[in-house]
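Remarks on the structure that follows.
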Amino acid sequence: HCELVDISILCGYVHLQKLNLSGNRIEDLSCVSCMPYLLELNASQNKLTTFFNFKPPQNLKLRACGYWPICG
């Protein structure tokens with residue numbers, strides 16, 4: 001709950017396995033696509049507006065992505 005908007009700095013952290021980004025104002029998760037070891041992602045309660053640039057990492061097992069405006 002830090003009101004993060006831009007998480008592009010995380011692109012350099014390719015070895016992350018768990019990432020909790022819940023409760024922010026993030027609109028774009030594309031940098032998460034560069035994290036091949038990511039197993040768990042919580043991006044719930046954000047302001048995501050598009051899925052086109054987001055490709056989930058192959059090993060991603062757990063996703064918590066509720067309350068996205070794009071879902072309706």
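Scheme for the structure tokens: letters A, B, ... for chains in order shown; per-chain residue numbers from 1; ligand numbers from 1 in order shown.
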
Considering only C-alpha atoms, return as a ChimeraX atom specification whatever protein or nucleic-acid residues lie within 10 Å of Leu10 (chain A), sequence-local ones (same chain, fewer than 5 positions apart) excluded.
-> /A:16,31-32,34-35

Would you please work out which residue, of A:Gln58, A:Ser8, A:Gln45, A:Asn53, is nearest to Asn24 (chain A) when using only C-alpha atoms?
->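 Ranked by minimum distance to Asn24 (chain A), first place goes to A:Gln45.
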
Just how far from CA of Glu40 (chain A) is CA of Leu19 (chain A), in Å to one decimal?
->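 CA of Glu40 (chain A) lies 6.2 Å from CA of Leu19 (chain A).
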
Nearest to Ile7 (chain A), chosen from A:Leu41, A:Pro36, A:Asn20, A:Asp28, with only C-alpha atoms counted in the distances | A:Asp28

Separation of CA of Glu3 (chain A) and CA of Thr49 (chain A), in Å?
-> 15.9 Å

In Å, how far is it from CA of Phe54 (chain A) to CA of Lys18 (chain A)?
->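 For CA of Phe54 (chain A) relative to CA of Lys18 (chain A), the distance reads 16.9 Å.
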
Taking the backbone alone, and naming residues the way the document does, which bits of chain A are helix (DSSP H, G or I) by DSSP, as a list of chain:residue names?
->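 Those in chain A that DSSP calls helix (DSSP H, G or I) are A:Ser8, A:Ile9, A:Leu10, A:Cys11, A:Gly12, A:Ser30, A:Cys31, A:Val32, A:Ser33, A:Cys34, A:Pro69, A:Ile70, A:Cys71.
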
Mind checking which residues fall within 9 Å of Cys2 (chain A), counting only C-alpha atoms, ignoring those fewer than 6 positions away in the same chain, and posting them as a VMD selection string?
-> chain A and resid 21 23 to 25

Produce a file of the selected residues containing all heavy atoms, as a compact mmCIF listing (two decimals), in the first residue's frame.
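Generated file (out-v1.txt):
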# COMPACT_ATOMS: atom_id res chain seq x y z
N LEU A 21 2.56 -6.72 -4.92
CA LEU A 21 2.36 -5.35 -5.38
C LEU A 21 0.95 -4.86 -5.08
O LEU A 21 0.48 -3.89 -5.65
CB LEU A 21 2.62 -5.26 -6.89
CG LEU A 21 4.02 -5.62 -7.35
CD1 LEU A 21 4.07 -5.76 -8.86
CD2 LEU A 21 5.02 -4.59 -6.86
N GLY A 23 -2.52 -3.27 -3.62
CA GLY A 23 -2.93 -2.01 -3.03
C GLY A 23 -2.16 -0.79 -3.49
O GLY A 23 -1.90 0.10 -2.70
N ASN A 24 -1.81 -0.74 -4.76
CA ASN A 24 -1.10 0.40 -5.31
C ASN A 24 -1.90 1.02 -6.46
O ASN A 24 -3.08 0.76 -6.60
CB ASN A 24 0.29 -0.03 -5.78
CG ASN A 24 1.21 -0.32 -4.61
OD1 ASN A 24 1.64 0.58 -3.92
ND2 ASN A 24 1.47 -1.59 -4.38
N ARG A 25 -1.24 1.83 -7.28
CA ARG A 25 -1.90 2.46 -8.43
C ARG A 25 -1.19 2.07 -9.73
O ARG A 25 -1.13 2.84 -10.67
CB ARG A 25 -1.90 3.97 -8.25
CG ARG A 25 -2.66 4.40 -7.01
CD ARG A 25 -2.68 5.88 -6.81
NE ARG A 25 -1.54 6.54 -7.44
CZ ARG A 25 -1.39 7.84 -7.53
NH1 ARG A 25 -2.27 8.63 -7.02
NH2 ARG A 25 -0.33 8.36 -8.10

Which of chain A counts as strand (DSSP E) under DSSP, as a ChimeraX atom specification please?
-> /A:18-20,40-42,62-64

Counting only C-alpha atoms, which of A:Gly12, A:Ile26, A:Pro56, A:Asp6 gets nearest to Leu38 (chain A)?
->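 The shortest atom-to-atom distance to Leu38 (chain A) comes from A:Pro56.
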
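The closest residue to Gln17 (chain A), picked from A:Lys55, A:Tyr37, A:Ser44, A:Lys61 and counting only C-alpha atoms, is A:Tyr37.
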